[in-house]
$ cat query-v7.txt   # compact mmCIF, N, CA and C atoms and all ligand atoms
# COMPACT_ATOMS: atom_id res chain seq x y z
N MET A 1 0.10 -38.36 108.92
CA MET A 1 0.21 -37.42 107.80
C MET A 1 -1.16 -36.81 107.47
N THR A 2 -1.17 -35.53 107.29
CA THR A 2 -2.40 -34.86 106.93
C THR A 2 -2.41 -34.59 105.43
N SER A 3 -3.45 -35.04 104.79
CA SER A 3 -3.55 -34.79 103.36
C SER A 3 -4.00 -33.35 103.10
N LEU A 4 -3.33 -32.71 102.18
CA LEU A 4 -3.69 -31.33 101.85
C LEU A 4 -5.10 -31.26 101.27
N SER A 5 -5.53 -32.35 100.65
CA SER A 5 -6.84 -32.32 100.01
C SER A 5 -7.95 -32.21 101.04
N LEU A 6 -7.64 -32.49 102.31
CA LEU A 6 -8.66 -32.39 103.34
C LEU A 6 -8.85 -30.95 103.82
N VAL A 7 -7.88 -30.10 103.50
CA VAL A 7 -8.00 -28.70 103.89
C VAL A 7 -8.96 -28.02 102.93
N PRO A 8 -9.98 -27.36 103.45
CA PRO A 8 -10.92 -26.70 102.56
C PRO A 8 -10.24 -25.61 101.73
N ALA A 9 -10.71 -25.45 100.53
CA ALA A 9 -10.14 -24.44 99.65
C ALA A 9 -10.39 -23.05 100.22
N LEU A 10 -9.32 -22.33 100.43
CA LEU A 10 -9.47 -20.98 100.95
C LEU A 10 -9.38 -19.97 99.81
N CYS A 11 -10.06 -18.89 99.97
CA CYS A 11 -10.00 -17.83 98.98
C CYS A 11 -8.58 -17.25 98.97
N PRO A 12 -7.93 -17.23 97.80
CA PRO A 12 -6.56 -16.70 97.73
C PRO A 12 -6.49 -15.22 98.11
N ASP A 13 -7.59 -14.53 97.94
CA ASP A 13 -7.62 -13.10 98.25
C ASP A 13 -8.22 -12.81 99.62
N ALA A 14 -8.71 -13.86 100.31
CA ALA A 14 -9.42 -13.68 101.58
C ALA A 14 -10.48 -12.59 101.43
N CYS A 15 -11.25 -12.69 100.36
CA CYS A 15 -12.16 -11.60 100.00
C CYS A 15 -13.42 -11.59 100.89
N LEU A 16 -14.10 -10.47 100.86
CA LEU A 16 -15.30 -10.29 101.68
C LEU A 16 -16.42 -11.23 101.25
N ALA A 17 -16.57 -11.42 99.95
CA ALA A 17 -17.66 -12.27 99.46
C ALA A 17 -17.51 -13.70 100.00
N CYS A 18 -16.29 -14.24 99.95
CA CYS A 18 -16.08 -15.60 100.45
C CYS A 18 -16.27 -15.65 101.96
N HIS A 19 -15.86 -14.60 102.65
CA HIS A 19 -16.07 -14.52 104.09
C HIS A 19 -17.56 -14.56 104.42
N LEU A 20 -18.35 -13.83 103.68
CA LEU A 20 -19.79 -13.80 103.93
C LEU A 20 -20.43 -15.14 103.57
N ARG A 21 -19.96 -15.75 102.47
CA ARG A 21 -20.51 -17.05 102.09
C ARG A 21 -20.19 -18.10 103.14
N ALA A 22 -19.06 -17.96 103.81
CA ALA A 22 -18.64 -18.97 104.78
C ALA A 22 -19.35 -18.81 106.11
N GLN A 23 -20.09 -17.71 106.28
CA GLN A 23 -20.80 -17.50 107.54
C GLN A 23 -21.83 -18.60 107.75
N GLN A 24 -21.80 -19.20 108.92
CA GLN A 24 -22.72 -20.30 109.19
C GLN A 24 -24.03 -19.82 109.80
N ARG A 25 -24.04 -18.62 110.29
CA ARG A 25 -25.26 -18.14 110.93
C ARG A 25 -26.05 -17.28 109.94
N SER A 26 -27.30 -17.04 110.29
CA SER A 26 -28.13 -16.24 109.40
C SER A 26 -27.86 -14.76 109.65
N CYS A 27 -28.30 -13.94 108.72
CA CYS A 27 -28.09 -12.50 108.80
C CYS A 27 -28.84 -11.93 110.00
N ASP A 28 -28.18 -11.05 110.74
CA ASP A 28 -28.82 -10.45 111.91
C ASP A 28 -29.34 -9.05 111.59
N GLY A 29 -29.36 -8.71 110.30
CA GLY A 29 -29.90 -7.42 109.89
C GLY A 29 -28.90 -6.29 109.96
N GLY A 30 -27.68 -6.60 110.35
CA GLY A 30 -26.64 -5.59 110.41
C GLY A 30 -25.45 -6.00 109.56
N LEU A 31 -24.35 -5.29 109.75
CA LEU A 31 -23.14 -5.59 108.98
C LEU A 31 -22.10 -6.27 109.86
N THR A 32 -22.56 -7.16 110.73
CA THR A 32 -21.68 -7.80 111.70
C THR A 32 -20.51 -8.53 111.03
N ALA A 33 -20.84 -9.34 110.02
CA ALA A 33 -19.79 -10.13 109.36
C ALA A 33 -18.87 -9.23 108.54
N VAL A 34 -19.43 -8.16 107.98
CA VAL A 34 -18.62 -7.21 107.22
C VAL A 34 -17.63 -6.51 108.16
N GLU A 35 -18.14 -6.11 109.34
CA GLU A 35 -17.28 -5.45 110.32
C GLU A 35 -16.16 -6.37 110.78
N GLN A 36 -16.51 -7.65 110.99
CA GLN A 36 -15.52 -8.63 111.42
C GLN A 36 -14.43 -8.78 110.36
N TRP A 37 -14.85 -8.86 109.11
CA TRP A 37 -13.89 -9.02 108.01
C TRP A 37 -12.96 -7.80 107.92
N CYS A 38 -13.54 -6.61 108.04
CA CYS A 38 -12.73 -5.39 107.99
C CYS A 38 -11.69 -5.38 109.11
N ASP A 39 -12.13 -5.84 110.28
CA ASP A 39 -11.22 -5.96 111.42
C ASP A 39 -10.05 -6.87 111.11
N GLU A 40 -10.39 -8.05 110.59
CA GLU A 40 -9.37 -9.07 110.32
C GLU A 40 -8.44 -8.65 109.20
N GLN A 41 -8.98 -8.00 108.18
CA GLN A 41 -8.19 -7.66 107.00
C GLN A 41 -7.59 -6.25 107.11
N LEU A 42 -7.81 -5.59 108.24
CA LEU A 42 -7.30 -4.24 108.45
C LEU A 42 -7.77 -3.30 107.33
N VAL A 43 -9.04 -3.44 106.98
CA VAL A 43 -9.64 -2.61 105.95
C VAL A 43 -10.48 -1.54 106.64
N ASP A 44 -10.49 -0.33 106.08
CA ASP A 44 -11.27 0.76 106.66
C ASP A 44 -12.77 0.48 106.52
N LEU A 45 -13.41 0.22 107.64
CA LEU A 45 -14.83 -0.15 107.64
C LEU A 45 -15.70 0.94 107.02
N ARG A 46 -15.34 2.20 107.25
CA ARG A 46 -16.16 3.31 106.74
C ARG A 46 -16.23 3.29 105.22
N VAL A 47 -15.09 2.97 104.59
CA VAL A 47 -15.03 2.93 103.13
C VAL A 47 -15.89 1.80 102.60
N VAL A 48 -15.78 0.64 103.24
CA VAL A 48 -16.55 -0.52 102.79
C VAL A 48 -18.03 -0.28 103.01
N LYS A 49 -18.38 0.31 104.16
CA LYS A 49 -19.78 0.61 104.46
C LYS A 49 -20.38 1.57 103.44
N ARG A 50 -19.63 2.62 103.11
CA ARG A 50 -20.13 3.60 102.14
C ARG A 50 -20.35 2.92 100.80
N PHE A 51 -19.38 2.10 100.39
CA PHE A 51 -19.49 1.37 99.13
C PHE A 51 -20.71 0.45 99.15
N ALA A 52 -20.91 -0.24 100.26
CA ALA A 52 -22.04 -1.17 100.38
C ALA A 52 -23.36 -0.42 100.30
N HIS A 53 -23.46 0.68 101.03
CA HIS A 53 -24.69 1.45 101.04
C HIS A 53 -25.02 2.01 99.66
N GLU A 54 -23.98 2.45 98.94
CA GLU A 54 -24.20 3.00 97.60
C GLU A 54 -24.78 1.96 96.66
N HIS A 55 -24.52 0.67 96.96
CA HIS A 55 -24.95 -0.40 96.06
C HIS A 55 -26.08 -1.21 96.67
N GLY A 56 -26.73 -0.69 97.70
CA GLY A 56 -27.92 -1.34 98.24
C GLY A 56 -27.64 -2.46 99.22
N GLY A 57 -26.49 -2.42 99.87
CA GLY A 57 -26.17 -3.45 100.86
C GLY A 57 -26.20 -2.87 102.27
N PHE A 58 -27.28 -3.12 102.99
CA PHE A 58 -27.42 -2.54 104.32
C PHE A 58 -27.32 -3.59 105.43
N CYS A 59 -27.11 -4.83 105.06
CA CYS A 59 -26.84 -5.89 106.03
C CYS A 59 -26.00 -6.95 105.33
N ASP A 60 -25.52 -7.92 106.09
CA ASP A 60 -24.59 -8.91 105.53
C ASP A 60 -25.14 -9.61 104.29
N CYS A 61 -26.41 -10.04 104.36
CA CYS A 61 -26.94 -10.81 103.23
C CYS A 61 -27.19 -9.91 102.03
N GLU A 62 -27.51 -8.63 102.27
CA GLU A 62 -27.71 -7.71 101.15
C GLU A 62 -26.38 -7.37 100.48
N VAL A 63 -25.32 -7.31 101.27
CA VAL A 63 -24.00 -7.07 100.67
C VAL A 63 -23.66 -8.20 99.71
N LEU A 64 -23.94 -9.42 100.14
CA LEU A 64 -23.66 -10.57 99.29
C LEU A 64 -24.63 -10.62 98.11
N GLY A 65 -25.90 -10.27 98.36
CA GLY A 65 -26.92 -10.40 97.32
C GLY A 65 -27.00 -9.22 96.37
N ASN A 66 -26.68 -8.02 96.85
CA ASN A 66 -26.85 -6.81 96.02
C ASN A 66 -25.53 -6.20 95.57
N VAL A 67 -24.49 -6.35 96.38
CA VAL A 67 -23.25 -5.62 96.10
C VAL A 67 -22.22 -6.50 95.42
N LEU A 68 -22.00 -7.69 95.98
CA LEU A 68 -20.96 -8.57 95.47
C LEU A 68 -21.60 -9.67 94.64
N THR A 69 -22.10 -9.29 93.49
CA THR A 69 -22.92 -10.21 92.72
C THR A 69 -22.17 -10.79 91.53
N GLY A 70 -21.31 -11.73 91.81
CA GLY A 70 -20.74 -12.54 90.74
C GLY A 70 -19.51 -11.99 90.04
N ASN A 71 -19.30 -10.68 90.10
CA ASN A 71 -18.13 -10.13 89.43
C ASN A 71 -17.03 -9.84 90.43
N ARG A 72 -15.81 -9.86 89.94
CA ARG A 72 -14.69 -9.48 90.77
C ARG A 72 -14.82 -8.00 91.11
N ARG A 73 -14.73 -7.67 92.40
CA ARG A 73 -14.83 -6.27 92.82
C ARG A 73 -13.60 -5.93 93.65
N VAL A 74 -12.93 -4.88 93.26
CA VAL A 74 -11.76 -4.42 93.98
C VAL A 74 -11.96 -2.96 94.35
N LEU A 75 -11.78 -2.65 95.62
CA LEU A 75 -11.98 -1.30 96.11
C LEU A 75 -10.68 -0.82 96.76
N ASP A 76 -10.03 0.15 96.14
CA ASP A 76 -8.76 0.67 96.68
C ASP A 76 -7.77 -0.45 96.98
N ASP A 77 -7.55 -1.34 96.01
CA ASP A 77 -6.60 -2.45 96.15
C ASP A 77 -7.04 -3.54 97.10
N VAL A 78 -8.23 -3.41 97.67
CA VAL A 78 -8.76 -4.45 98.55
C VAL A 78 -9.75 -5.28 97.73
N VAL A 79 -9.54 -6.60 97.73
CA VAL A 79 -10.43 -7.47 96.96
C VAL A 79 -11.68 -7.75 97.78
N LEU A 80 -12.82 -7.22 97.31
CA LEU A 80 -14.08 -7.48 97.99
C LEU A 80 -14.71 -8.78 97.52
N ALA A 81 -14.54 -9.07 96.23
CA ALA A 81 -15.07 -10.31 95.66
C ALA A 81 -14.04 -10.84 94.69
N CYS A 82 -13.64 -12.11 94.88
CA CYS A 82 -12.57 -12.66 94.05
C CYS A 82 -13.10 -13.11 92.69
N ARG A 83 -14.41 -13.33 92.60
CA ARG A 83 -14.96 -13.79 91.33
C ARG A 83 -16.43 -13.42 91.24
ZN ZN A 101 -29.68 -9.34 105.81
ZN ZN A 102 -12.94 -15.01 97.52

$ encode --input "query-v7.txt" --output "structure tokens"
Amino acid sequence: MTSLSLVPALCPDACLACHLRAQQRSCDGGLTAVEQWCDEQLVDLRVVKRFAHEHGGFCDCEVLGNVLTGNRRVLDDVVLACR
């Protein structure tokens, strides 16, 4: 029997912020993890990129540090940050 408590808590919204936080590697200076998330969530990368750039996020760690800073962010019904 597998205990449910052993399953790590997943983001109910599968949001970008949690995806970036879960990245185990360091930032490579690009939007690699953002692109991957857009791919998986079938989100338009161009829209997310424009939003990120407008808020000072030009690489994965800047998106987390400058764009998705603590508040819930929703862009066109897509949850970028759950909290
Ligand atoms: Zn970075
Ligand atoms: Zn989340």

$ select_by_dssp --input "query-v7.txt" --residues "region 1-72 of chain A" --states "alpha helix (DSSP H)" --output "NGL selection string"
:A and (16-21 or 32-41 or 45-54 or 60-62)

$ axis_aligned_box --input "query-v7.txt" --around "region 7-26 of chain A" --padding-each-side "6 Å" --output "AutoDock Vina command-line options"
--center_x -17.3 --center_y -20.2 --center_z 104.3 --size_x 33.6 --size_y 31.8 --size_z 25.2

$ atom_distance --input "query-v7.txt" --atom1 "CA of Gly70 (chain A)" --atom2 "CA of Arg83 (chain A)"
5.9 Å

$ residues_near_ligand --input "query-v7.txt" --ligand "ligand ZN 102 (chain A)" --cutoff "9 Å" --atoms "only C-alpha atoms and all ligand atoms" --output "JSON, numbers by chain"
{"A": [10, 11, 12, 13, 14, 15, 16, 17, 18, 19, 72, 79, 80, 81, 82, 83]}

$ residues_near_ligand --input "query-v7.txt" --ligand "ligand ZN 101 (chain A)" --cutoff "5 Å" --atoms "all atoms listed in the file" --output "list in words"
Cys27, Gly29, Cys59, Asp60, Cys61 and Glu62 of chain A

$ atom_distance --input "query-v7.txt" --atom1 "atom C of Asp44 (chain A)" --atom2 "atom N of Gly65 (chain A)"
18.8 Å

$ select_by_dssp --input "query-v7.txt" --residues "chain A" --states "strand (DSSP E)" --output "PyMOL selection string"
chain A and resi 73-75+78-81

$ write_last_selection --input "query-v7.txt" --atoms "N, CA and C atoms" --output "mmCIF file, in the frame of the given file"
data_model
loop_
_atom_site.group_PDB
_atom_site.id
_atom_site.type_symbol
_atom_site.label_atom_id
_atom_site.label_comp_id
_atom_site.auth_asym_id
_atom_site.auth_seq_id
_atom_site.Cartn_x
_atom_site.Cartn_y
_atom_site.Cartn_z
ATOM 1 N N ARG A 73 -14.730 -7.670 92.400
ATOM 2 C CA ARG A 73 -14.830 -6.270 92.820
ATOM 3 C C ARG A 73 -13.600 -5.930 93.650
ATOM 4 N N VAL A 74 -12.930 -4.880 93.260
ATOM 5 C CA VAL A 74 -11.760 -4.420 93.980
ATOM 6 C C VAL A 74 -11.960 -2.960 94.350
ATOM 7 N N LEU A 75 -11.780 -2.650 95.620
ATOM 8 C CA LEU A 75 -11.980 -1.300 96.110
ATOM 9 C C LEU A 75 -10.680 -0.820 96.760
ATOM 10 N N VAL A 78 -8.230 -3.410 97.670
ATOM 11 C CA VAL A 78 -8.760 -4.450 98.550
ATOM 12 C C VAL A 78 -9.750 -5.280 97.730
ATOM 13 N N VAL A 79 -9.540 -6.600 97.730
ATOM 14 C CA VAL A 79 -10.430 -7.470 96.960
ATOM 15 C C VAL A 79 -11.680 -7.750 97.780
ATOM 16 N N LEU A 80 -12.820 -7.220 97.310
ATOM 17 C CA LEU A 80 -14.080 -7.480 97.990
ATOM 18 C C LEU A 80 -14.710 -8.780 97.520
ATOM 19 N N ALA A 81 -14.540 -9.070 96.230
ATOM 20 C CA ALA A 81 -15.070 -10.310 95.660
ATOM 21 C C ALA A 81 -14.040 -10.840 94.690
#
